[in-house]
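Raw protein30.pdb, PDB, C-alpha atoms and all ligand atoms:
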```pdb
ATOM      1  CA  MET A 103      -8.408  19.180 -29.969
ATOM      2  CA  LYS A 104      -9.374  15.783 -31.370
ATOM      3  CA  LYS A 105     -10.883  16.518 -34.742
ATOM      4  CA  VAL A 106     -12.636  13.208 -35.193
ATOM      5  CA  ALA A 107     -15.368  11.608 -33.063
ATOM      6  CA  PHE A 108     -16.860   8.107 -33.100
ATOM      7  CA  PHE A 109     -20.130   7.116 -31.433
ATOM      8  CA  LEU A 110     -20.084   3.431 -30.483
ATOM      9  CA  GLY A 111     -22.594   1.050 -28.938
ATOM     10  CA  LYS A 112     -25.180  -1.623 -29.470
ATOM     11  CA  GLY A 113     -27.757  -1.279 -32.261
ATOM     12  CA  GLY A 114     -30.632   1.011 -31.319
ATOM     13  CA  VAL A 115     -28.915   2.756 -28.364
ATOM     14  CA  GLY A 116     -28.875   6.079 -30.199
ATOM     15  CA  LYS A 117     -25.593   6.273 -32.152
ATOM     16  CA  THR A 118     -27.206   7.972 -35.139
ATOM     17  CA  THR A 119     -29.335  10.194 -32.892
ATOM     18  CA  LEU A 120     -26.536  11.351 -30.587
ATOM     19  CA  SER A 121     -23.989  11.812 -33.376
ATOM     20  CA  SER A 122     -26.557  13.896 -35.283
ATOM     21  CA  ALA A 123     -27.539  15.898 -32.193
ATOM     22  CA  THR A 124     -23.867  16.533 -31.392
ATOM     23  CA  ALA A 125     -23.050  17.550 -34.954
ATOM     24  CA  TYR A 126     -26.062  19.852 -35.050
ATOM     25  CA  TYR A 127     -25.209  21.412 -31.680
ATOM     26  CA  LEU A 128     -21.591  22.013 -32.703
ATOM     27  CA  SER A 129     -22.710  23.579 -35.976
ATOM     28  CA  ARG A 130     -24.989  25.969 -34.081
ATOM     29  CA  MET A 131     -21.986  26.896 -31.911
ATOM     30  CA  GLY A 132     -20.312  27.995 -35.138
ATOM     31  CA  ARG A 133     -18.061  24.983 -35.659
ATOM     32  CA  LYS A 134     -17.831  23.667 -39.187
ATOM     33  CA  VAL A 135     -18.923  20.024 -38.979
ATOM     34  CA  LEU A 136     -19.033  17.035 -41.301
ATOM     35  CA  ILE A 137     -21.129  14.060 -40.197
ATOM     36  CA  VAL A 138     -20.381  10.743 -41.885
ATOM     37  CA  SER A 139     -22.437   7.559 -41.643
ATOM     38  CA  LEU A 140     -20.477   4.316 -41.978
ATOM     39  CA  ASP A 141     -23.554   2.232 -41.249
ATOM     40  CA  PRO A 142     -24.784   0.223 -44.253
ATOM     41  CA  ALA A 143     -28.297   0.534 -42.760
ATOM     42  CA  HIS A 144     -28.094   4.299 -43.439
ATOM     43  CA  ASN A 145     -30.608   6.233 -41.459
ATOM     44  CA  LEU A 146     -28.604   9.390 -40.961
ATOM     45  CA  GLY A 147     -30.415  10.981 -43.899
ATOM     46  CA  ASP A 148     -33.789  10.183 -42.284
ATOM     47  CA  VAL A 149     -32.841  12.096 -39.147
ATOM     48  CA  PHE A 150     -32.286  15.234 -41.218
ATOM     49  CA  GLY A 151     -35.053  14.449 -43.718
ATOM     50  CA  MET A 152     -32.526  14.407 -46.575
ATOM     51  CA  LYS A 153     -31.250  11.878 -49.070
ATOM     52  CA  LEU A 154     -27.512  11.505 -48.489
ATOM     53  CA  SER A 155     -24.807   9.969 -50.667
ATOM     54  CA  ASN A 156     -21.045   9.509 -51.014
ATOM     55  CA  LYS A 157     -20.872  13.215 -51.881
ATOM     56  CA  ARG A 158     -21.303  15.929 -49.294
ATOM     57  CA  THR A 159     -24.827  17.314 -48.819
ATOM     58  CA  PRO A 160     -25.484  20.508 -46.827
ATOM     59  CA  LEU A 161     -27.762  19.678 -43.850
ATOM     60  CA  ALA A 162     -27.770  22.979 -41.991
ATOM     61  CA  THR A 163     -25.593  26.068 -41.675
ATOM     62  CA  ASN A 164     -22.042  24.810 -40.959
ATOM     63  CA  LEU A 165     -23.149  21.187 -41.244
ATOM     64  CA  ASP A 166     -22.631  18.755 -44.142
ATOM     65  CA  GLY A 167     -23.373  15.041 -44.291
ATOM     66  CA  ILE A 168     -22.154  11.950 -46.139
ATOM     67  CA  GLU A 169     -23.424   8.385 -46.202
ATOM     68  CA  VAL A 170     -20.487   6.192 -47.164
ATOM     69  CA  ASP A 171     -21.510   3.634 -49.770
ATOM     70  CA  LEU A 172     -19.551   0.611 -48.532
ATOM     71  CA  GLN A 173     -20.333  -1.470 -51.628
ATOM     72  CA  GLU A 174     -18.761   1.222 -53.780
ATOM     73  CA  TRP A 175     -15.680   1.299 -51.525
ATOM     74  CA  ILE A 176     -15.400  -2.496 -51.666
ATOM     75  CA  ALA A 177     -15.549  -2.340 -55.476
ATOM     76  CA  ARG A 178     -12.941   0.427 -55.500
ATOM     77  CA  TYR A 179     -10.667  -1.493 -53.123
ATOM     78  CA  LEU A 180     -10.888  -4.642 -55.281
ATOM     79  CA  LYS A 181     -10.199  -2.644 -58.451
ATOM     80  CA  GLU A 182      -7.152  -0.926 -56.939
ATOM     81  CA  SER A 183      -5.857  -4.241 -55.582
ATOM     82  CA  ARG A 184      -6.300  -5.810 -58.994
ATOM     83  CA  GLU A 185      -4.357  -3.038 -60.732
ATOM     84  CA  GLU A 186      -1.672  -3.182 -58.068
ATOM     85  CA  ILE A 187      -1.265  -6.946 -58.355
ATOM     86  CA  LEU A 188      -1.175  -6.814 -62.144
ATOM     87  CA  ALA A 189       1.436  -4.033 -62.101
ATOM     88  CA  THR A 190       3.570  -5.661 -59.416
ATOM     89  CA  TYR A 191       3.492  -9.171 -60.819
ATOM     90  CA  ARG A 192       3.311  -8.396 -64.531
ATOM     91  CA  TYR A 193       6.489 -10.403 -65.108
ATOM     92  CA  ASN A 194       4.977 -13.467 -63.439
ATOM     93  CA  THR A 195       3.002 -15.469 -65.950
ATOM     94  CA  THR A 196       2.947 -18.669 -63.936
ATOM     95  CA  ILE A 197       0.008 -17.859 -61.662
ATOM     96  CA  ASN A 198      -3.490 -17.235 -62.929
ATOM     97  CA  LEU A 199      -3.983 -13.719 -61.612
ATOM     98  CA  ASP A 200      -7.608 -13.410 -62.647
ATOM     99  CA  SER A 201      -8.825 -16.366 -60.639
ATOM    100  CA  TYR A 202      -6.723 -15.175 -57.705
ATOM    101  CA  ILE A 203      -8.279 -11.707 -57.885
ATOM    102  CA  ASN A 204     -11.809 -13.110 -58.158
ATOM    103  CA  ILE A 205     -11.307 -14.948 -54.892
ATOM    104  CA  MET A 206     -10.392 -11.667 -53.176
ATOM    105  CA  LYS A 207     -14.060 -10.699 -53.111
ATOM    106  CA  TYR A 208     -14.627 -13.428 -50.544
ATOM    107  CA  THR A 209     -11.497 -12.846 -48.521
ATOM    108  CA  PRO A 210     -12.167 -12.008 -44.874
ATOM    109  CA  GLY A 211     -11.273  -8.439 -44.160
ATOM    110  CA  THR A 212     -12.389  -6.912 -47.452
ATOM    111  CA  GLU A 213     -15.272  -5.026 -45.828
ATOM    112  CA  GLU A 214     -13.067  -3.797 -42.973
ATOM    113  CA  TYR A 215     -10.431  -2.508 -45.405
ATOM    114  CA  ALA A 216     -13.132  -0.753 -47.403
ATOM    115  CA  VAL A 217     -14.286   1.061 -44.225
ATOM    116  CA  LEU A 218     -10.693   1.951 -43.350
ATOM    117  CA  TRP A 219      -9.911   3.422 -46.749
ATOM    118  CA  ALA A 220     -13.231   5.304 -46.695
ATOM    119  CA  ILE A 221     -12.305   6.863 -43.322
ATOM    120  CA  GLU A 222      -8.814   7.670 -44.586
ATOM    121  CA  HIS A 223     -10.306   9.299 -47.670
ATOM    122  CA  VAL A 224     -12.825  11.402 -45.721
ATOM    123  CA  VAL A 225     -10.214  12.633 -43.244
ATOM    124  CA  GLN A 226      -7.613  13.404 -45.912
ATOM    125  CA  ALA A 227      -9.966  14.946 -48.453
ATOM    126  CA  TYR A 228     -12.090  17.052 -46.089
ATOM    127  CA  GLY A 229     -10.169  17.272 -42.796
ATOM    128  CA  ASP A 230      -8.811  20.758 -43.456
ATOM    129  CA  GLU A 231     -12.226  22.192 -44.286
ATOM    130  CA  TYR A 232     -13.932  21.169 -41.031
ATOM    131  CA  ASP A 233     -13.407  21.725 -37.312
ATOM    132  CA  ARG A 234     -14.991  18.333 -36.607
ATOM    133  CA  ILE A 235     -15.706  15.102 -38.412
ATOM    134  CA  ILE A 236     -18.263  12.919 -36.632
ATOM    135  CA  PHE A 237     -18.652   9.268 -37.597
ATOM    136  CA  ASP A 238     -21.874   7.361 -37.032
ATOM    137  CA  THR A 239     -20.662   3.765 -36.832
ATOM    138  CA  PRO A 240     -21.989   0.439 -38.159
ATOM    139  CA  PRO A 241     -22.926  -2.455 -35.817
ATOM    140  CA  THR A 242     -20.373  -3.229 -33.112
ATOM    141  CA  ALA A 243     -18.932  -6.379 -34.684
ATOM    142  CA  LEU A 244     -17.829  -4.567 -37.835
ATOM    143  CA  THR A 245     -16.775  -1.460 -35.895
ATOM    144  CA  LEU A 246     -14.470  -3.447 -33.613
ATOM    145  CA  ARG A 247     -13.003  -5.264 -36.601
ATOM    146  CA  PHE A 248     -12.207  -2.121 -38.563
ATOM    147  CA  LEU A 249     -10.772  -0.404 -35.484
ATOM    148  CA  ALA A 250      -8.555  -3.488 -34.947
ATOM    149  CA  MET A 251      -7.577  -3.790 -38.598
ATOM    150  CA  PRO A 252      -4.581  -1.400 -38.557
ATOM    151  CA  THR A 253      -3.010  -3.175 -35.566
ATOM    152  CA  ILE A 254      -3.573  -6.667 -36.972
ATOM    153  CA  SER A 255      -2.536  -5.799 -40.502
ATOM    154  CA  MET A 256       0.618  -4.049 -39.338
ATOM    155  CA  LEU A 257       1.800  -7.351 -37.812
ATOM    156  CA  TRP A 258       1.340  -9.023 -41.183
ATOM    157  CA  VAL A 259       2.940  -6.234 -43.151
ATOM    158  CA  ARG A 260       5.945  -6.146 -40.825
ATOM    159  CA  GLU A 261       6.425  -9.878 -41.373
ATOM    160  CA  LEU A 262       6.102  -9.474 -45.140
ATOM    161  CA  LEU A 263       8.653  -6.649 -45.078
ATOM    162  CA  ASN A 264      11.078  -8.922 -43.209
ATOM    163  CA  MET A 265      10.591 -11.633 -45.816
ATOM    164  CA  ARG A 266      11.102  -9.149 -48.617
ATOM    165  CA  GLU A 267      14.308  -7.881 -47.012
ATOM    166  CA  LYS A 268      15.604 -11.453 -46.973
ATOM    167  CA  VAL A 269      14.828 -11.865 -50.671
ATOM    168  CA  LEU A 270      16.626  -8.605 -51.444
ATOM    169  CA  LYS A 271      19.663  -9.643 -49.356
ATOM    170  CA  LYS A 272      19.868 -12.921 -51.293
ATOM    171  CA  ARG A 273      19.754 -10.968 -54.523
ATOM    172  CA  GLN A 274      22.596  -8.775 -53.277
ATOM    173  CA  THR A 275      24.653 -11.860 -52.402
ATOM    174  CA  ILE A 276      24.104 -13.326 -55.862
ATOM    175  CA  LEU A 277      24.975 -10.013 -57.478
ATOM    176  CA  SER A 278      28.171  -9.706 -55.458
ATOM    177  CA  LEU A 279      29.245 -13.116 -56.769
ATOM    178  CA  ASN A 280      28.168 -12.406 -60.312
ATOM    179  CA  PRO A 281      27.266  -8.819 -61.206
ATOM    180  CA  GLN A 282      25.743 -10.036 -64.491
ATOM    181  CA  ALA A 283      23.514 -12.591 -62.790
ATOM    182  CA  HIS A 284      20.411 -13.294 -64.832
ATOM    183  CA  VAL A 285      18.294 -14.546 -61.975
ATOM    184  CA  ILE A 286      17.614 -11.032 -60.872
ATOM    185  CA  ARG A 287      14.931  -9.267 -62.832
ATOM    186  CA  GLY A 288      14.027  -6.797 -60.135
ATOM    187  CA  SER A 289      16.065  -4.653 -57.849
ATOM    188  CA  SER A 290      18.254  -5.721 -54.959
ATOM    189  CA  LYS A 291      17.836  -2.532 -52.916
ATOM    190  CA  PRO A 292      14.736  -1.785 -50.803
ATOM    191  CA  GLU A 293      14.512   1.780 -52.113
ATOM    192  CA  ASP A 294      14.254   0.556 -55.728
ATOM    193  CA  ASP A 295      12.074  -2.457 -55.060
ATOM    194  CA  ARG A 296       8.413  -2.027 -56.035
ATOM    195  CA  ILE A 297       7.087  -4.623 -53.626
ATOM    196  CA  TYR A 298       9.122  -3.297 -50.713
ATOM    197  CA  GLY A 299       7.917   0.224 -51.542
ATOM    198  CA  LYS A 300       4.284  -0.870 -51.704
ATOM    199  CA  LEU A 301       4.510  -2.698 -48.368
ATOM    200  CA  SER A 302       6.139   0.324 -46.729
ATOM    201  CA  SER A 303       3.414   2.573 -48.011
ATOM    202  CA  ILE A 304       0.673   0.245 -46.678
ATOM    203  CA  GLN A 305       2.510   0.149 -43.360
ATOM    204  CA  SER A 306       2.555   3.921 -43.078
ATOM    205  CA  ARG A 307      -1.132   4.242 -44.047
ATOM    206  CA  LEU A 308      -2.102   1.662 -41.408
ATOM    207  CA  SER A 309       0.054   3.345 -38.816
ATOM    208  CA  SER A 310      -1.604   6.726 -39.516
ATOM    209  CA  LEU A 311      -5.051   5.148 -39.151
ATOM    210  CA  HIS A 312      -4.079   3.550 -35.852
ATOM    211  CA  GLN A 313      -2.805   6.941 -34.668
ATOM    212  CA  LEU A 314      -6.073   8.502 -35.809
ATOM    213  CA  PHE A 315      -8.117   6.057 -33.695
ATOM    214  CA  LYS A 316      -5.749   6.137 -30.734
ATOM    215  CA  ASN A 317      -4.798   9.806 -30.449
ATOM    216  CA  GLU A 318      -6.923  11.964 -32.706
ATOM    217  CA  SER A 319     -10.400  10.528 -32.124
ATOM    218  CA  TYR A 320     -12.869  11.215 -29.360
ATOM    219  CA  LEU A 321     -14.554   7.881 -28.621
ATOM    220  CA  THR A 322     -17.790   7.714 -26.730
ATOM    221  CA  VAL A 323     -19.803   4.582 -25.947
ATOM    222  CA  ILE A 324     -23.568   4.809 -25.632
ATOM    223  CA  ILE A 325     -25.514   2.801 -23.071
ATOM    224  CA  ASN A 326     -29.283   2.533 -22.506
ATOM    225  CA  PRO A 327     -30.998   1.514 -19.300
ATOM    226  CA  ASP A 328     -30.780  -2.200 -20.126
ATOM    227  CA  THR A 329     -28.263  -4.925 -19.332
ATOM    228  CA  LEU A 330     -27.496  -5.870 -22.940
ATOM    229  CA  SER A 331     -26.355  -2.425 -24.012
ATOM    230  CA  LEU A 332     -24.288  -2.158 -20.812
ATOM    231  CA  ALA A 333     -22.671  -5.555 -21.462
ATOM    232  CA  GLU A 334     -21.865  -4.518 -25.026
ATOM    233  CA  ALA A 335     -20.340  -1.233 -23.853
ATOM    234  CA  ILE A 336     -18.095  -3.108 -21.402
ATOM    235  CA  ARG A 337     -17.024  -5.458 -24.188
ATOM    236  CA  ILE A 338     -16.248  -2.548 -26.531
ATOM    237  CA  LYS A 339     -14.101  -0.902 -23.854
ATOM    238  CA  HIS A 340     -12.145  -4.148 -23.233
ATOM    239  CA  GLU A 341     -11.648  -4.939 -26.893
ATOM    240  CA  LEU A 342     -10.381  -1.424 -27.579
ATOM    241  CA  GLU A 343      -7.999  -1.525 -24.615
ATOM    242  CA  LYS A 344      -6.379  -4.618 -26.135
ATOM    243  CA  LEU A 345      -5.603  -2.436 -29.146
ATOM    244  CA  ASP A 346      -4.170   0.273 -26.926
ATOM    245  CA  VAL A 347      -7.151   2.481 -27.816
ATOM    246  CA  TYR A 348      -9.116   4.096 -24.969
ATOM    247  CA  ILE A 349     -12.616   5.471 -24.841
ATOM    248  CA  ASP A 350     -13.052   9.077 -23.693
ATOM    249  CA  SER A 351     -16.538   8.990 -22.245
ATOM    250  CA  VAL A 352     -19.853   7.220 -21.855
ATOM    251  CA  CYS A 353     -23.311   8.470 -22.830
ATOM    252  CA  PHE A 354     -26.220   7.163 -20.830
ATOM    253  CA  ASN A 355     -28.996   7.695 -23.366
ATOM    254  CA  LYS A 356     -32.762   7.179 -23.076
ATOM    255  CA  ALA A 357     -32.254   7.538 -19.361
ATOM    256  CA  PRO A 358     -35.406   7.402 -17.227
ATOM    257  CA  SER A 359     -36.055  10.765 -15.620
ATOM    258  CA  ASP A 360     -35.762   9.153 -12.155
ATOM    259  CA  GLY A 361     -32.175   8.154 -12.992
ATOM    260  CA  ALA A 362     -32.796   4.388 -12.611
ATOM    261  CA  CYS A 363     -29.990   2.124 -13.878
ATOM    262  CA  GLY A 364     -27.534   5.011 -13.715
ATOM    263  CA  ASP A 365     -25.754   3.382 -10.754
ATOM    264  CA  GLU A 366     -24.828   0.293 -12.742
ATOM    265  CA  VAL A 367     -23.346   2.455 -15.469
ATOM    266  CA  LYS A 368     -21.382   4.409 -12.832
ATOM    267  CA  GLN A 369     -20.059   1.236 -11.205
ATOM    268  CA  ASN A 370     -18.711  -0.099 -14.469
ATOM    269  CA  PHE A 371     -17.395   3.175 -15.853
ATOM    270  CA  HIS A 372     -16.388   5.042 -12.710
ATOM    271  CA  ARG A 373     -13.142   6.292 -14.253
ATOM    272  CA  PHE A 374     -14.923   7.959 -17.163
ATOM    273  CA  PRO A 375     -17.085  11.042 -17.608
ATOM    274  CA  ILE A 376     -20.700   9.917 -17.972
ATOM    275  CA  PHE A 377     -23.181  12.120 -19.834
ATOM    276  CA  THR A 378     -26.863  11.507 -19.397
ATOM    277  CA  SER A 379     -29.574  12.344 -21.918
ATOM    278  CA  VAL A 380     -33.069  11.467 -20.845
ATOM    279  CA  TYR A 381     -35.616   9.672 -22.934
ATOM    280  CA  VAL A 382     -37.695  12.057 -25.042
ATOM    281  CA  PRO A 383     -41.158  10.466 -24.888
ATOM    282  CA  THR A 384     -42.548  12.417 -27.839
ATOM    283  CA  GLY A 385     -39.904  10.805 -30.096
ATOM    284  CA  LEU A 386     -37.299  12.446 -32.316
ATOM    285  CA  LYS A 387     -38.614  13.069 -35.776
ATOM    286  CA  THR A 388     -37.324  16.367 -37.070
ATOM    287  CA  ASN A 389     -33.967  18.026 -36.760
ATOM    288  CA  GLU A 390     -35.628  20.527 -34.434
ATOM    289  CA  ASP A 391     -36.275  17.554 -32.132
ATOM    290  CA  LEU A 392     -32.510  16.957 -32.119
ATOM    291  CA  ALA A 393     -32.131  20.161 -30.168
ATOM    292  CA  LYS A 394     -34.089  18.486 -27.365
ATOM    293  CA  VAL A 395     -31.422  15.793 -26.902
ATOM    294  CA  GLU A 396     -29.231  16.756 -23.990
ATOM    295  CA  ILE A 397     -25.661  16.762 -25.219
ATOM    296  CA  PRO A 398     -24.124  20.135 -24.176
ATOM    297  CA  GLU A 399     -21.912  18.510 -21.507
ATOM    298  CA  LEU A 400     -20.707  15.887 -23.936
ATOM    299  CA  VAL A 401     -19.868  18.621 -26.426
ATOM    300  CA  GLU A 402     -18.021  20.559 -23.695
ATOM    301  CA  ASP A 403     -15.932  17.482 -22.940
ATOM    302  CA  MET A 404     -15.218  17.016 -26.643
ATOM    303  CA  GLU A 405     -14.099  20.610 -26.907
ATOM    304  CA  ARG A 406     -11.698  20.094 -23.987
ATOM    305  CA  ASN A 407     -10.126  16.951 -25.476
TER     306      ASN A 407
HETATM  307  N1  LIG A 501     -32.945  10.222 -25.978
HETATM  308  C1  LIG A 501     -33.869   9.637 -26.768
HETATM  309  N2  LIG A 501     -35.182   9.790 -26.525
HETATM  310  C2  LIG A 501     -36.116   9.217 -27.312
HETATM  311  N3  LIG A 501     -35.836   8.436 -28.360
HETATM  312  C3  LIG A 501     -34.544   8.237 -28.665
HETATM  313  C4  LIG A 501     -33.492   8.818 -27.912
HETATM  314  N4  LIG A 501     -32.306   8.431 -28.459
HETATM  315  C5  LIG A 501     -32.628   7.657 -29.505
HETATM  316  N5  LIG A 501     -33.952   7.530 -29.654
HETATM  317  C6  LIG A 501     -34.696   6.738 -30.677
HETATM  318  O1  LIG A 501     -34.243   5.386 -30.609
HETATM  319  C7  LIG A 501     -34.233   4.809 -31.914
HETATM  320  C8  LIG A 501     -32.852   4.252 -32.234
HETATM  321  O2  LIG A 501     -31.926   5.315 -32.257
HETATM  322  P1  LIG A 501     -30.719   5.354 -33.325
HETATM  323  O3  LIG A 501     -30.015   6.639 -33.119
HETATM  324  O4  LIG A 501     -31.209   5.056 -34.682
HETATM  325  O5  LIG A 501     -29.833   4.131 -32.789
HETATM  326  P2  LIG A 501     -28.526   3.465 -33.444
HETATM  327  O6  LIG A 501     -28.009   4.392 -34.470
HETATM  328  O7  LIG A 501     -27.601   3.267 -32.298
HETATM  329  O8  LIG A 501     -29.002   2.157 -34.012
HETATM  330  C9  LIG A 501     -34.666   5.905 -32.871
HETATM  331  O9  LIG A 501     -36.023   5.766 -33.138
HETATM  332  C10 LIG A 501     -34.417   7.196 -32.088
HETATM  333  O10 LIG A 501     -35.277   8.241 -32.463
HETATM  334 MG    MG A 502     -27.661   4.083 -36.535
END
```

How does the structure come out when it is put into structure tokens?
Amino acid sequence: MKKVAFFLGKGGVGKTTLSSATAYYLSRMGRKVLIVSLDPAHNLGDVFGMKLSNKRTPLATNLDGIEVDLQEWIARYLKESREEILATYRYNTTINLDSYINIMKYTPGTEEYAVLWAIEHVVQAYGDEYDRIIFDTPPTALTLRFLAMPTISMLWVRELLNMREKVLKKRQTILSLNPQAHVIRGSSKPEDDRIYGKLSSIQSRLSSLHQLFKNESYLTVIINPDTLSLAEAIRIKHELEKLDVYIDSVCFNKAPSDGACGDEVKQNFHRFPIFTSVYVPTGLKTNEDLAKVEIPELVEDMERN
């Protein structure tokens, strides 16, 4: 069973609503569920009428919730990177580390890494305590970038590891000529080299995250009866396929009771299970309203996967 689930789709299609309804339904089935919002716009708490934070808050029997504070994770990521750089390059007094580290705040990718390490933390820290962890995702652009980050970064890290191996080989050559060589302050073996060790550890963390997205996550894309949300769903599916990540199902949410627009969804996603939840005209205000959202078939499919 895939422990983790991600709800994807255009803004406003119902990611927060369907992830909450699914989490609530699973909890009433007796599953222990953690729901985690990665969306900086945080409205998961509103759905349950609770104020959520980085710490777990009980929302119902068997159901806890977290709103990941991305700014805090960015600050934590920058602080850890700073300590790492200072420790790794403490012998190097020729570059101005502080100005280098200050620039990191503006480096592309910082936000994506912060999301990745937040997901890693949630899964590692709480995974054993829950049957399911459901993520309510941020807007598509950021979601696609953080899902792609492990694959892209692994290419970089592999290249850096190759470069480091070359440096270490050169050191070995120098040492074999002159065992007392002064040029070598560090180690000449990968297993003793701090930088090589750090790169290997980043590589294995990224690889685990890619595995998590690819093999251990149930991915569902939400579509509404409009062309824009359909177009975005098609784009999400394509972008993920490039990363060798495949969606599991499609949710046709806010469906008109006469089923209009359903055919277009079927045409584009004919190889996938499609779950329909009709538009609730009275709105969804309380967590009792969540029980009105039709997700039992989606949950059944999740339980099978
Ligand atoms: N099946 C539905 N019937 C009626 N209203 C819905 C339904 N699904 C979602 N909504 C409403 O649509 C709005 C946007 O939903 P939300 O879950 O916040 O979208 P997202 O998280 O994708 O931005 C909310 O007001 C929500 O109550
Ligand atoms: Mg939302």

### Task
List all protein, DNA and RNA residues that have any atom at most 12 Å from ligand MG 502 (chain A), counting only C-alpha atoms and all ligand atoms, and write the list as a PyMOL selection string.
chain A and resi 109-122+138-149+169+237-242+324

How big is the axis-aligned box around the listed atoms of ligand LIG 501 (chain A) once 4 Å is added on each side, and where is its centre? Give both in Å to one decimal, as lines of an AutoDock Vina configuration file.
```
center_x = -31.9
center_y = 6.2
center_z = -30.3
size_x = 16.5
size_y = 16.1
size_z = 16.7
```

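Proximity to region 175-183 of chain A at 7 Å, evaluated using only C-alpha atoms and with sequence-adjacent residues fewer than 5 positions away removed, yields Thr212, Glu213, Ala216 and Ala220 of chain A.
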
### Task
Return as a ChimeraX atom specification the set of residues that the PyMOL selection byres (((chain A and resi 375-392) around 6) and not hetatm) yields on the displayed structure.
/A:123,150,351-358,374,393-396

### Message
Which polymer residues, whether protein, DNA or RNA, lie within 12 Å of the coordinate (-27.9, 23.1, -45.1) when you count all atoms listed in the file? List them as an MDAnalysis selection string, using the chain letters and numbers from the file.
### Response
chainID A and resid 126 129:130 134:136 150:152 158:167 389

### Query
Skipping near chain neighbours, those fewer than 5 positions away, what residues fall within 12 Å of Arg266 (chain A) using all atoms listed in the file, listed as a VMD selection string?
chain A and resid 259 to 261 271 to 273 289 to 293 295 to 302

### Task
Could you give me, as a ChimeraX atom specification, the residues that have an atom at most 8 Å away from the point (-21.6, 6.2, -49.6) in the coordinates of the file, using only C-alpha atoms?
/A:140,155-157,168-172,174-175

How about saving the chosen residues, C-alpha atoms kept, as a PDB file, in the coordinates of the input?
```pdb
ATOM      1  CA  LEU A 140     -20.477   4.316 -41.978  1.00  0.00           C
ATOM      2  CA  SER A 155     -24.807   9.969 -50.667  1.00  0.00           C
ATOM      3  CA  ASN A 156     -21.045   9.509 -51.014  1.00  0.00           C
ATOM      4  CA  LYS A 157     -20.872  13.215 -51.881  1.00  0.00           C
ATOM      5  CA  ILE A 168     -22.154  11.950 -46.139  1.00  0.00           C
ATOM      6  CA  GLU A 169     -23.424   8.385 -46.202  1.00  0.00           C
ATOM      7  CA  VAL A 170     -20.487   6.192 -47.164  1.00  0.00           C
ATOM      8  CA  ASP A 171     -21.510   3.634 -49.770  1.00  0.00           C
ATOM      9  CA  LEU A 172     -19.551   0.611 -48.532  1.00  0.00           C
ATOM     10  CA  GLU A 174     -18.761   1.222 -53.780  1.00  0.00           C
ATOM     11  CA  TRP A 175     -15.680   1.299 -51.525  1.00  0.00           C
TER      12      TRP A 175
END
```

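Closest approach to Leu342 (chain A) from the set A:Leu246, A:Ala362, A:Leu188, A:Val269 is made by A:Leu246, with distances taken over only C-alpha atoms.
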
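Across A:Tyr215, A:Tyr202, A:Phe371, A:Tyr191, the tightest approach to Phe248 (chain A) is made by A:Tyr215 when counting all atoms listed in the file.
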
#### Entry: From A:Ser331, A:Ser309, A:Asn280, A:Asn326, residue lying nearest Glu222 (chain A) [all atoms listed in the file]
A:Ser309

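CA of Thr245 (chain A) lies 15.6 Å from CA of Asp346 (chain A).
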
For Arg307 (chain A), find every residue with an atom within 12 Å (counting all atoms listed in the file), except residues of its own chain fewer than 3 positions away, and show them as a short mmCIF file (atom, residue, chain, number, x, y, z; two decimals) with C-alpha atoms, in the coordinates of the input.
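around17.cif, freshly written:
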```cif
data_model
loop_
_atom_site.label_atom_id
_atom_site.label_comp_id
_atom_site.auth_asym_id
_atom_site.auth_seq_id
_atom_site.Cartn_x
_atom_site.Cartn_y
_atom_site.Cartn_z
CA TYR A 215 -10.43 -2.51 -45.40
CA LEU A 218 -10.69 1.95 -43.35
CA TRP A 219 -9.91 3.42 -46.75
CA ILE A 221 -12.30 6.86 -43.32
CA GLU A 222 -8.81 7.67 -44.59
CA HIS A 223 -10.31 9.30 -47.67
CA GLN A 226 -7.61 13.40 -45.91
CA MET A 251 -7.58 -3.79 -38.60
CA PRO A 252 -4.58 -1.40 -38.56
CA THR A 253 -3.01 -3.18 -35.57
CA SER A 255 -2.54 -5.80 -40.50
CA MET A 256 0.62 -4.05 -39.34
CA VAL A 259 2.94 -6.23 -43.15
CA LYS A 300 4.28 -0.87 -51.70
CA LEU A 301 4.51 -2.70 -48.37
CA SER A 302 6.14 0.32 -46.73
CA SER A 303 3.41 2.57 -48.01
CA ILE A 304 0.67 0.24 -46.68
CA SER A 310 -1.60 6.73 -39.52
CA LEU A 311 -5.05 5.15 -39.15
CA HIS A 312 -4.08 3.55 -35.85
CA GLN A 313 -2.80 6.94 -34.67
CA LEU A 314 -6.07 8.50 -35.81
#
```

### Closest of A:Leu244, A:Ile325, A:Ala250, A:Leu262 to ligand LIG 501 (chain A) - atom-to-atom distances counting only C-alpha atoms and all ligand atoms
A:Ile325

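The residue set within 12 Å of Glu343 (chain A), counting all atoms listed in the file and dropping same-chain residues fewer than 5 places from it, reads A:Leu246, A:Leu249, A:Ala250, A:Phe315, A:Lys316, A:Ile336, A:Arg337, A:Ile338, A:Tyr348, A:Ile349, A:Asp350.
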